[in-house]
$ cat input24.pdb   # PDB, C-alpha atoms
ATOM      1  CA  ALA A 772       6.147  -3.401  -6.761
ATOM      2  CA  GLN A 773       5.349  -2.055  -3.344
ATOM      3  CA  LYS A 774       2.511  -3.517  -1.315
ATOM      4  CA  VAL A 775       1.031  -3.113   2.160
ATOM      5  CA  THR A 776      -1.128  -5.813   3.716
ATOM      6  CA  GLN A 777      -3.381  -5.357   6.714
ATOM      7  CA  ALA A 778      -4.918  -8.775   7.127
ATOM      8  CA  GLN A 779      -7.282  -7.797   9.937
ATOM      9  CA  THR A 780     -10.357  -6.216   8.402
ATOM     10  CA  GLU A 781     -12.123  -5.513  11.666
ATOM     11  CA  ILE A 782     -11.267  -5.941  15.344
ATOM     12  CA  SER A 783     -13.628  -5.510  18.255
ATOM     13  CA  VAL A 784     -12.380  -5.175  21.826
ATOM     14  CA  VAL A 785     -13.740  -4.074  25.150
ATOM     15  CA  GLU A 786     -12.421  -0.903  26.720
ATOM     16  CA  LYS A 787      -9.106  -1.288  28.566
ATOM     17  CA  GLU A 788      -8.062  -4.283  26.511
ATOM     18  CA  ASP A 789      -4.775  -4.123  24.605
ATOM     19  CA  VAL A 790      -4.998  -4.541  20.851
ATOM     20  CA  THR A 791      -2.391  -5.027  18.120
ATOM     21  CA  LEU A 792      -2.951  -4.048  14.516
ATOM     22  CA  ASP A 793      -0.783  -5.914  12.033
ATOM     23  CA  CYS A 794       0.943  -4.481   8.986
ATOM     24  CA  VAL A 795       3.159  -6.363   6.526
ATOM     25  CA  TYR A 796       4.836  -4.623   3.622
ATOM     26  CA  GLU A 797       6.739  -5.449   0.448
ATOM     27  CA  THR A 798       9.279  -3.226  -1.255
ATOM     28  CA  ARG A 799      12.435  -3.533  -3.334
ATOM     29  CA  ASP A 800      13.858  -0.263  -2.085
ATOM     30  CA  THR A 801      16.472  -0.394   0.628
ATOM     31  CA  THR A 802      15.361   3.015   1.865
ATOM     32  CA  TYR A 803      11.702   3.451   2.596
ATOM     33  CA  TYR A 804       9.318   5.004   5.076
ATOM     34  CA  LEU A 805       6.439   3.486   6.984
ATOM     35  CA  PHE A 806       3.455   5.352   8.363
ATOM     36  CA  TRP A 807       0.349   4.805  10.422
ATOM     37  CA  TYR A 808      -2.729   6.974  10.029
ATOM     38  CA  LYS A 809      -5.987   7.028  11.965
ATOM     39  CA  GLN A 810      -9.251   7.799  10.193
ATOM     40  CA  PRO A 811     -12.050   8.611  12.630
ATOM     41  CA  PRO A 812     -15.710   8.608  11.528
ATOM     42  CA  SER A 813     -15.354  12.278  10.541
ATOM     43  CA  GLY A 814     -13.142  11.117   7.660
ATOM     44  CA  GLU A 815      -9.880  13.025   7.947
ATOM     45  CA  LEU A 816      -6.529  11.250   7.988
ATOM     46  CA  VAL A 817      -4.717  11.765  11.266
ATOM     47  CA  PHE A 818      -0.976  11.138  11.181
ATOM     48  CA  LEU A 819       0.306   8.893  13.981
ATOM     49  CA  ILE A 820       3.880   7.920  13.175
ATOM     50  CA  ARG A 821       6.569   7.783  10.470
ATOM     51  CA  ARG A 822       9.488   5.355  10.543
ATOM     52  CA  ASN A 823      12.618   5.218   8.376
ATOM     53  CA  SER A 824      13.796   1.837   7.140
ATOM     54  CA  PHE A 825      17.192   2.287   8.775
ATOM     55  CA  ASP A 826      15.747   2.966  12.215
ATOM     56  CA  GLU A 827      14.417  -0.208  13.760
ATOM     57  CA  GLN A 828      13.977   1.181  17.229
ATOM     58  CA  ASN A 829      10.555   0.565  18.597
ATOM     59  CA  GLU A 830       8.628   3.615  19.655
ATOM     60  CA  ILE A 831       6.173   4.360  22.408
ATOM     61  CA  SER A 832       3.927   7.377  22.604
ATOM     62  CA  GLY A 833       1.574   7.294  25.532
ATOM     63  CA  ARG A 834      -0.759   4.329  25.028
ATOM     64  CA  TYR A 835       0.528   3.761  21.495
ATOM     65  CA  SER A 836       3.551   1.671  20.571
ATOM     66  CA  TRP A 837       5.004   0.450  17.314
ATOM     67  CA  ASN A 838       7.094  -2.642  16.603
ATOM     68  CA  PHE A 839       9.173  -2.419  13.426
ATOM     69  CA  GLN A 840      10.825  -5.672  12.330
ATOM     70  CA  LYS A 841      12.701  -5.573   9.059
ATOM     71  CA  SER A 842      13.378  -9.319   9.183
ATOM     72  CA  THR A 843       9.654 -10.036   8.849
ATOM     73  CA  SER A 844       8.751  -6.826   6.931
ATOM     74  CA  SER A 845       6.270  -5.904   9.607
ATOM     75  CA  PHE A 846       5.335  -2.672  11.330
ATOM     76  CA  ASN A 847       2.732  -3.503  13.949
ATOM     77  CA  PHE A 848       0.817  -1.038  16.078
ATOM     78  CA  THR A 849      -0.334  -1.711  19.629
ATOM     79  CA  ILE A 850      -2.828   0.293  21.638
ATOM     80  CA  THR A 851      -2.602  -0.352  25.352
ATOM     81  CA  ALA A 852      -5.681   0.035  27.546
ATOM     82  CA  SER A 853      -7.918   0.887  24.610
ATOM     83  CA  GLN A 854     -10.572   3.576  24.921
ATOM     84  CA  VAL A 855     -13.812   4.203  23.058
ATOM     85  CA  VAL A 856     -12.169   7.232  21.386
ATOM     86  CA  ASP A 857      -9.710   4.850  19.728
ATOM     87  CA  SER A 858     -12.540   3.510  17.556
ATOM     88  CA  ALA A 859     -11.558   4.314  13.986
ATOM     89  CA  VAL A 860     -10.064   2.844  10.842
ATOM     90  CA  TYR A 861      -6.284   2.569  10.998
ATOM     91  CA  PHE A 862      -4.148   2.576   7.872
ATOM     92  CA  CYS A 863      -0.560   1.485   7.465
ATOM     93  CA  ALA A 864       1.297   3.031   4.514
ATOM     94  CA  LEU A 865       4.646   2.841   2.732
ATOM     95  CA  SER A 866       6.628   5.233   0.588
ATOM     96  CA  GLU A 867       9.884   4.495  -1.196
ATOM     97  CA  TYR A 868      12.899   6.704  -1.568
ATOM     98  CA  THR A 869      13.758   5.781  -5.174
ATOM     99  CA  GLY A 870      10.601   3.974  -6.230
ATOM    100  CA  ARG A 871       7.102   5.257  -5.695
ATOM    101  CA  ARG A 872       7.411   8.222  -3.393
ATOM    102  CA  ALA A 873       3.685   8.606  -2.960
ATOM    103  CA  LEU A 874       2.127   6.609  -0.166
ATOM    104  CA  THR A 875       0.869   3.096  -0.811
ATOM    105  CA  PHE A 876      -1.813   2.347   1.755
ATOM    106  CA  GLY A 877      -3.002  -0.919   3.197
ATOM    107  CA  SER A 878      -6.692  -1.729   3.143
ATOM    108  CA  GLY A 879      -7.138  -0.591   6.733
ATOM    109  CA  THR A 880      -8.283  -2.194   9.980
ATOM    110  CA  ARG A 881     -11.511  -1.026  11.559
ATOM    111  CA  LEU A 882     -11.163  -0.993  15.340
ATOM    112  CA  GLN A 883     -14.294  -0.962  17.464
ATOM    113  CA  VAL A 884     -13.784  -0.374  21.165
ATOM    114  CA  GLN A 885     -16.862  -1.242  23.176
ATOM    115  CA  PRO A 886     -17.528   0.447  26.531
TER     116      PRO A 886
ATOM    117  CA  GLU B 547       0.842  25.226  12.403
ATOM    118  CA  PRO B 548       0.208  25.548   8.646
ATOM    119  CA  GLU B 549      -2.396  23.224   7.159
ATOM    120  CA  VAL B 550      -3.438  21.966   3.768
ATOM    121  CA  THR B 551      -6.921  23.232   2.931
ATOM    122  CA  GLN B 552      -9.422  21.839   0.434
ATOM    123  CA  THR B 553     -12.576  23.285  -1.054
ATOM    124  CA  PRO B 554     -15.366  22.471  -1.235
ATOM    125  CA  SER B 555     -15.803  20.016   1.620
ATOM    126  CA  HIS B 556     -18.650  18.330  -0.253
ATOM    127  CA  GLN B 557     -19.488  18.525  -3.940
ATOM    128  CA  VAL B 558     -22.577  17.023  -5.525
ATOM    129  CA  THR B 559     -22.703  16.796  -9.303
ATOM    130  CA  GLN B 560     -24.636  15.126 -12.048
ATOM    131  CA  MET B 561     -23.103  12.331 -14.065
ATOM    132  CA  GLY B 562     -21.337  13.718 -17.126
ATOM    133  CA  GLN B 563     -20.523  17.077 -15.554
ATOM    134  CA  GLU B 564     -17.046  18.416 -14.973
ATOM    135  CA  VAL B 565     -15.832  19.181 -11.463
ATOM    136  CA  ILE B 566     -12.788  20.982 -10.144
ATOM    137  CA  LEU B 567     -11.510  20.165  -6.675
ATOM    138  CA  ARG B 568      -9.283  22.761  -5.105
ATOM    139  CA  CYS B 569      -6.413  22.475  -2.671
ATOM    140  CA  VAL B 570      -4.104  25.002  -1.083
ATOM    141  CA  PRO B 571      -0.909  23.176  -0.062
ATOM    142  CA  ILE B 572       1.437  24.422   2.606
ATOM    143  CA  SER B 573       3.211  27.440   1.171
ATOM    144  CA  ASN B 574       6.832  26.277   1.135
ATOM    145  CA  HIS B 575       6.072  22.721   0.028
ATOM    146  CA  LEU B 576       7.210  21.545  -3.393
ATOM    147  CA  TYR B 577       5.542  18.178  -3.919
ATOM    148  CA  PHE B 578       1.795  17.823  -4.270
ATOM    149  CA  TYR B 579      -0.438  14.782  -4.410
ATOM    150  CA  TRP B 580      -4.018  13.715  -4.961
ATOM    151  CA  TYR B 581      -5.413  10.548  -3.438
ATOM    152  CA  ARG B 582      -8.850   8.991  -3.656
ATOM    153  CA  GLN B 583     -10.825   6.906  -1.188
ATOM    154  CA  ILE B 584     -13.998   5.199  -2.336
ATOM    155  CA  LEU B 585     -16.347   4.766   0.613
ATOM    156  CA  GLY B 586     -15.264   1.887   2.837
ATOM    157  CA  GLN B 587     -12.104   1.209   0.847
ATOM    158  CA  LYS B 588      -8.440   2.074   1.096
ATOM    159  CA  VAL B 589      -6.799   5.343   0.157
ATOM    160  CA  GLU B 590      -5.398   5.160  -3.371
ATOM    161  CA  PHE B 591      -2.740   7.300  -5.000
ATOM    162  CA  LEU B 592      -3.816   9.229  -8.094
ATOM    163  CA  VAL B 593      -1.061  11.637  -9.072
ATOM    164  CA  SER B 594       1.981  13.519  -7.852
ATOM    165  CA  PHE B 595       3.102  16.926  -9.101
ATOM    166  CA  TYR B 596       6.478  18.594  -8.830
ATOM    167  CA  ASN B 597       8.107  21.512 -10.601
ATOM    168  CA  ASN B 598       4.911  22.265 -12.519
ATOM    169  CA  GLU B 599       4.528  18.865 -14.035
ATOM    170  CA  ILE B 600       3.199  15.428 -13.216
ATOM    171  CA  SER B 601       5.989  13.345 -11.710
ATOM    172  CA  GLU B 602       4.035  10.145 -11.296
ATOM    173  CA  LYS B 603       0.512   8.870 -11.828
ATOM    174  CA  SER B 604      -1.364   5.690 -11.098
ATOM    175  CA  GLU B 605      -3.392   3.596 -13.498
ATOM    176  CA  ILE B 606      -6.520   5.253 -12.073
ATOM    177  CA  PHE B 607      -5.390   8.657 -13.361
ATOM    178  CA  ASP B 608      -6.543   8.402 -16.964
ATOM    179  CA  ASP B 609      -7.494  11.052 -19.529
ATOM    180  CA  GLN B 610     -10.581  11.913 -17.528
ATOM    181  CA  PHE B 611      -8.372  13.542 -14.890
ATOM    182  CA  SER B 612      -6.033  16.506 -15.004
ATOM    183  CA  VAL B 613      -4.128  18.550 -12.468
ATOM    184  CA  GLU B 614      -2.954  22.107 -12.505
ATOM    185  CA  ARG B 615      -1.210  24.636 -10.350
ATOM    186  CA  PRO B 616      -2.772  27.767 -11.851
ATOM    187  CA  ASP B 617      -1.054  30.194  -9.503
ATOM    188  CA  GLY B 618       1.426  30.106  -6.661
ATOM    189  CA  SER B 619      -0.980  28.731  -4.122
ATOM    190  CA  ASN B 620      -3.715  26.540  -5.590
ATOM    191  CA  PHE B 621      -3.445  22.947  -6.778
ATOM    192  CA  THR B 622      -6.489  21.630  -8.607
ATOM    193  CA  LEU B 623      -7.843  18.293  -9.734
ATOM    194  CA  LYS B 624     -10.249  18.393 -12.666
ATOM    195  CA  ILE B 625     -12.498  15.460 -13.419
ATOM    196  CA  ARG B 626     -14.128  15.626 -16.831
ATOM    197  CA  SER B 627     -17.416  13.906 -17.588
ATOM    198  CA  THR B 628     -17.888  12.448 -14.118
ATOM    199  CA  LYS B 629     -19.134   8.888 -13.661
ATOM    200  CA  LEU B 630     -21.004   7.305 -10.785
ATOM    201  CA  GLU B 631     -17.844   5.446  -9.783
ATOM    202  CA  ASP B 632     -15.988   8.730  -9.299
ATOM    203  CA  SER B 633     -17.958   9.203  -6.086
ATOM    204  CA  ALA B 634     -15.307   9.181  -3.380
ATOM    205  CA  MET B 635     -13.368  11.274  -0.899
ATOM    206  CA  TYR B 636     -10.502  13.080  -2.579
ATOM    207  CA  PHE B 637      -7.514  14.023  -0.448
ATOM    208  CA  CYS B 638      -4.818  16.505  -1.341
ATOM    209  CA  ALA B 639      -1.397  16.266   0.311
ATOM    210  CA  SER B 640       1.873  18.164   0.181
ATOM    211  CA  ILE B 641       5.428  17.665   1.414
ATOM    212  CA  GLY B 642       8.553  19.785   1.467
ATOM    213  CA  SER B 643      10.858  17.029   0.251
ATOM    214  CA  PRO B 644      10.682  13.266  -0.371
ATOM    215  CA  GLY B 645      10.651  11.060   2.684
ATOM    216  CA  LEU B 646       9.050  13.620   4.931
ATOM    217  CA  THR B 647       5.586  13.158   6.360
ATOM    218  CA  PRO B 648       2.841  14.259   3.963
ATOM    219  CA  ASN B 649       0.420  16.851   5.230
ATOM    220  CA  PHE B 650      -3.078  15.794   4.212
ATOM    221  CA  GLY B 651      -6.010  18.104   3.695
ATOM    222  CA  PRO B 652      -9.408  17.312   5.226
ATOM    223  CA  GLY B 653     -10.724  15.927   1.938
ATOM    224  CA  THR B 654     -13.496  16.758  -0.512
ATOM    225  CA  ARG B 655     -16.376  14.327  -0.645
ATOM    226  CA  LEU B 656     -17.560  14.051  -4.249
ATOM    227  CA  THR B 657     -20.989  12.599  -4.898
ATOM    228  CA  VAL B 658     -21.949  11.872  -8.511
ATOM    229  CA  LEU B 659     -25.677  11.349  -9.080
TER     230      LEU B 659
END
$ encode --input "input24.pdb" --output "structure tokens"
Amino acid sequence: AQKVTQAQTEISVVEKEDVTLDCVYETRDTTYYLFWYKQPPSGELVFLIRRNSFDEQNEISGRYSWNFQKSTSSFNFTITASQVVDSAVYFCALSEYTGRRALTFGSGTRLQVQP
Amino acid sequence: EPEVTQTPSHQVTQMGQEVILRCVPISNHLYFYWYRQILGQKVEFLVSFYNNEISEKSEIFDDQFSVERPDGSNFTLKIRSTKLEDSAMYFCASIGSPGLTPNFGPGTRLTVL
């Protein structure tokens, strides 16, 4: 069965620090998709990135970067030079191509960025 | 850019009452989903719907729940005889085809008193 683990429940950093949020997943599918979502205090789910299992290229978008490593079943998310506006809960999620197509979410990591 | 909409944004009900949560998915999408998030916890899959029938459901989605697409635009989640533990944020999502990024609605916060 599919599973997503976010071992860090809460992280607190000071503004301008870099921070990495860990995500480890389990799946039997050879084709699957990985996602990161941000949930600010207002409650909506904000899409950040989607990655296919056959594309292991790392991605950078502004201050955000993602490190996908199939060998360790990890899809980690780094925020460089964190800002107070980055404070939120971040969820990693997985969907399978032939198995469960709905998203399976991790338990989330609450990031607090202090000024 | 088209968005998934959900109504109401907040619903308060008494225990034992029935509630209907409404969603309008993106118009050309074919796959629809409901998820639930109990306060402070992770987002959990409830049910997926395709071609006018349930395609998958989780163990949470028991006989208390039902889904319907009553017309060409709405997608509803009915919760019969609500319980205190049904208090949660309910998210609707839709996608055009499997593997694409789901579009999530803003959620309906359900409070059962």
$ residues_around --input "input24.pdb" --residues "Val884 of chain A" --least-positions-apart "6" --cutoff "6 Å" --atoms "all atoms listed in the file" --output "ChimeraX atom specification"
/A:783-786,855,858
$ atom_distance --input "input24.pdb" --atom1 "atom CA of Val558 of chain B" --atom2 "atom CA of Arg626 of chain B"
14.2 Å
$ resolve_selection --input "input24.pdb" --expression "the PyMOL selection byres ((chain B) within 12 of (chain A))" --output "PyMOL selection string"
chain B and resi 550-552+555+577-596+601-604+634-641+643-655
$ write_last_selection --input "input24.pdb" --atoms "C-alpha atoms" --output "PDB file, in the frame of the given file"
ATOM      1  CA  VAL B 550      -3.438  21.966   3.768  1.00  0.00           C
ATOM      2  CA  THR B 551      -6.921  23.232   2.931  1.00  0.00           C
ATOM      3  CA  GLN B 552      -9.422  21.839   0.434  1.00  0.00           C
ATOM      4  CA  SER B 555     -15.803  20.016   1.620  1.00  0.00           C
ATOM      5  CA  TYR B 577       5.542  18.178  -3.919  1.00  0.00           C
ATOM      6  CA  PHE B 578       1.795  17.823  -4.270  1.00  0.00           C
ATOM      7  CA  TYR B 579      -0.438  14.782  -4.410  1.00  0.00           C
ATOM      8  CA  TRP B 580      -4.018  13.715  -4.961  1.00  0.00           C
ATOM      9  CA  TYR B 581      -5.413  10.548  -3.438  1.00  0.00           C
ATOM     10  CA  ARG B 582      -8.850   8.991  -3.656  1.00  0.00           C
ATOM     11  CA  GLN B 583     -10.825   6.906  -1.188  1.00  0.00           C
ATOM     12  CA  ILE B 584     -13.998   5.199  -2.336  1.00  0.00           C
ATOM     13  CA  LEU B 585     -16.347   4.766   0.613  1.00  0.00           C
ATOM     14  CA  GLY B 586     -15.264   1.887   2.837  1.00  0.00           C
ATOM     15  CA  GLN B 587     -12.104   1.209   0.847  1.00  0.00           C
ATOM     16  CA  LYS B 588      -8.440   2.074   1.096  1.00  0.00           C
ATOM     17  CA  VAL B 589      -6.799   5.343   0.157  1.00  0.00           C
ATOM     18  CA  GLU B 590      -5.398   5.160  -3.371  1.00  0.00           C
ATOM     19  CA  PHE B 591      -2.740   7.300  -5.000  1.00  0.00           C
ATOM     20  CA  LEU B 592      -3.816   9.229  -8.094  1.00  0.00           C
ATOM     21  CA  VAL B 593      -1.061  11.637  -9.072  1.00  0.00           C
ATOM     22  CA  SER B 594       1.981  13.519  -7.852  1.00  0.00           C
ATOM     23  CA  PHE B 595       3.102  16.926  -9.101  1.00  0.00           C
ATOM     24  CA  TYR B 596       6.478  18.594  -8.830  1.00  0.00           C
ATOM     25  CA  SER B 601       5.989  13.345 -11.710  1.00  0.00           C
ATOM     26  CA  GLU B 602       4.035  10.145 -11.296  1.00  0.00           C
ATOM     27  CA  LYS B 603       0.512   8.870 -11.828  1.00  0.00           C
ATOM     28  CA  SER B 604      -1.364   5.690 -11.098  1.00  0.00           C
ATOM     29  CA  ALA B 634     -15.307   9.181  -3.380  1.00  0.00           C
ATOM     30  CA  MET B 635     -13.368  11.274  -0.899  1.00  0.00           C
ATOM     31  CA  TYR B 636     -10.502  13.080  -2.579  1.00  0.00           C
ATOM     32  CA  PHE B 637      -7.514  14.023  -0.448  1.00  0.00           C
ATOM     33  CA  CYS B 638      -4.818  16.505  -1.341  1.00  0.00           C
ATOM     34  CA  ALA B 639      -1.397  16.266   0.311  1.00  0.00           C
ATOM     35  CA  SER B 640       1.873  18.164   0.181  1.00  0.00           C
ATOM     36  CA  ILE B 641       5.428  17.665   1.414  1.00  0.00           C
ATOM     37  CA  SER B 643      10.858  17.029   0.251  1.00  0.00           C
ATOM     38  CA  PRO B 644      10.682  13.266  -0.371  1.00  0.00           C
ATOM     39  CA  GLY B 645      10.651  11.060   2.684  1.00  0.00           C
ATOM     40  CA  LEU B 646       9.050  13.620   4.931  1.00  0.00           C
ATOM     41  CA  THR B 647       5.586  13.158   6.360  1.00  0.00           C
ATOM     42  CA  PRO B 648       2.841  14.259   3.963  1.00  0.00           C
ATOM     43  CA  ASN B 649       0.420  16.851   5.230  1.00  0.00           C
ATOM     44  CA  PHE B 650      -3.078  15.794   4.212  1.00  0.00           C
ATOM     45  CA  GLY B 651      -6.010  18.104   3.695  1.00  0.00           C
ATOM     46  CA  PRO B 652      -9.408  17.312   5.226  1.00  0.00           C
ATOM     47  CA  GLY B 653     -10.724  15.927   1.938  1.00  0.00           C
ATOM     48  CA  THR B 654     -13.496  16.758  -0.512  1.00  0.00           C
ATOM     49  CA  ARG B 655     -16.376  14.327  -0.645  1.00  0.00           C
TER      50      ARG B 655
END
$ residues_around --input "input24.pdb" --residues "Phe611 of chain B" --least-positions-apart "5" --cutoff "8 Å" --atoms "only C-alpha atoms" --output "list in words"
Leu623, Lys624, Ile625 and Arg626 of chain B
$ resolve_selection --input "input24.pdb" --expression "the PyMOL selection byres ((chain B and resi 568) around 7)" --output "PyMOL selection string"
chain B and resi 552-553+566-567+569-570+620-623
$ resolve_selection --input "input24.pdb" --expression "the PyMOL selection byres ((chain A and resi 788) around 12)" --output "number ranges by chain"
A: 782-787, 789-791, 834, 849-855, 857, 883-886
$ atom_distance --input "input24.pdb" --atom1 "atom CA of Val795 of chain A" --atom2 "atom CA of Thr843 of chain A"
7.8 Å
$ atom_distance --input "input24.pdb" --atom1 "atom CA of Ser832 of chain A" --atom2 "atom CA of Tyr861 of chain A"
16.2 Å
$ closest_residue --input "input24.pdb" --among "B:Thr559, B:Gly618, B:Asn597, B:Ile606" --to "Ser573 of chain B" --atoms "only C-alpha atoms"
B:Gly618
$ closest_residue --input "input24.pdb" --among "B:Pro548, B:Asn598, B:Pro571, B:Val658" --to "Thr628 of chain B" --atoms "only C-alpha atoms"
B:Val658
$ closest_residue --input "input24.pdb" --among "B:His575, B:Phe607, B:Leu656, B:Asp632" --to "Ser619 of chain B" --atoms "only C-alpha atoms"
B:His575
$ closest_residue --input "input24.pdb" --among "B:Ile572, B:Gln557, B:Val565, B:Glu631" --to "Ser612 of chain B" --atoms "all atoms listed in the file"
B:Val565
$ decode --input "input24.pdb" --residues "segment 812-832 of chain A" --atoms "N, CA, C and O atoms" --output "compact mmCIF listing (two decimals), in the first residue's frame"
# COMPACT_ATOMS: atom_id res chain seq x y z
N PRO A 812 -2.31 29.60 7.09
CA PRO A 812 -3.32 29.64 8.17
C PRO A 812 -4.76 29.81 7.65
O PRO A 812 -5.70 29.39 8.32
N SER A 813 -4.92 30.38 6.48
CA SER A 813 -6.27 30.55 5.92
C SER A 813 -6.91 29.21 5.50
O SER A 813 -8.12 29.15 5.29
N GLY A 814 -6.11 28.16 5.37
CA GLY A 814 -6.66 26.82 5.21
C GLY A 814 -6.68 26.21 3.82
O GLY A 814 -6.87 25.00 3.69
N GLU A 815 -6.52 27.01 2.79
CA GLU A 815 -6.59 26.41 1.45
C GLU A 815 -5.31 25.64 1.14
O GLU A 815 -4.29 25.83 1.78
N LEU A 816 -5.39 24.76 0.19
CA LEU A 816 -4.23 23.98 -0.25
C LEU A 816 -3.64 24.64 -1.49
O LEU A 816 -4.31 24.73 -2.53
N VAL A 817 -2.41 25.07 -1.38
CA VAL A 817 -1.75 25.76 -2.48
C VAL A 817 -0.75 24.81 -3.13
O VAL A 817 0.18 24.33 -2.48
N PHE A 818 -0.96 24.52 -4.39
CA PHE A 818 -0.09 23.62 -5.13
C PHE A 818 1.28 24.25 -5.32
O PHE A 818 1.38 25.42 -5.71
N LEU A 819 2.34 23.46 -5.07
CA LEU A 819 3.70 23.96 -5.28
C LEU A 819 4.39 23.25 -6.44
O LEU A 819 5.00 23.90 -7.29
N ILE A 820 4.33 21.91 -6.46
CA ILE A 820 5.05 21.19 -7.50
C ILE A 820 4.48 19.79 -7.67
O ILE A 820 3.91 19.21 -6.74
N ARG A 821 4.61 19.25 -8.87
CA ARG A 821 4.27 17.87 -9.20
C ARG A 821 5.47 17.26 -9.93
O ARG A 821 6.07 17.92 -10.79
N ARG A 822 5.80 16.02 -9.57
CA ARG A 822 6.94 15.34 -10.18
C ARG A 822 6.52 13.96 -10.63
O ARG A 822 5.88 13.21 -9.88
N ASN A 823 6.91 13.56 -11.86
CA ASN A 823 6.67 12.20 -12.32
C ASN A 823 7.79 11.29 -11.85
O ASN A 823 8.95 11.72 -11.77
N SER A 824 7.49 10.03 -11.66
CA SER A 824 8.48 9.09 -11.16
C SER A 824 9.64 8.87 -12.14
O SER A 824 10.73 8.46 -11.74
N PHE A 825 9.41 9.12 -13.41
CA PHE A 825 10.46 8.89 -14.40
C PHE A 825 11.29 10.13 -14.68
O PHE A 825 12.13 10.14 -15.57
N ASP A 826 11.06 11.18 -13.92
CA ASP A 826 11.80 12.42 -14.11
C ASP A 826 12.49 12.79 -12.80
O ASP A 826 11.88 13.40 -11.93
N GLU A 827 13.75 12.41 -12.69
CA GLU A 827 14.46 12.63 -11.45
C GLU A 827 15.23 13.93 -11.40
O GLU A 827 16.00 14.19 -10.49
N GLN A 828 15.02 14.77 -12.40
CA GLN A 828 15.71 16.06 -12.38
C GLN A 828 15.24 16.89 -11.20
O GLN A 828 14.04 16.97 -10.93
N ASN A 829 16.20 17.48 -10.53
CA ASN A 829 15.83 18.38 -9.46
C ASN A 829 15.30 19.68 -10.05
O ASN A 829 15.61 20.03 -11.19
N GLU A 830 14.50 20.36 -9.28
CA GLU A 830 13.86 21.57 -9.80
C GLU A 830 14.05 22.72 -8.84
O GLU A 830 14.06 22.56 -7.62
N ILE A 831 14.21 23.88 -9.42
CA ILE A 831 14.35 25.11 -8.64
C ILE A 831 13.33 26.12 -9.16
O ILE A 831 13.18 26.29 -10.37
N SER A 832 12.64 26.74 -8.22
CA SER A 832 11.71 27.80 -8.58
C SER A 832 11.89 28.93 -7.58
O SER A 832 11.36 28.88 -6.47
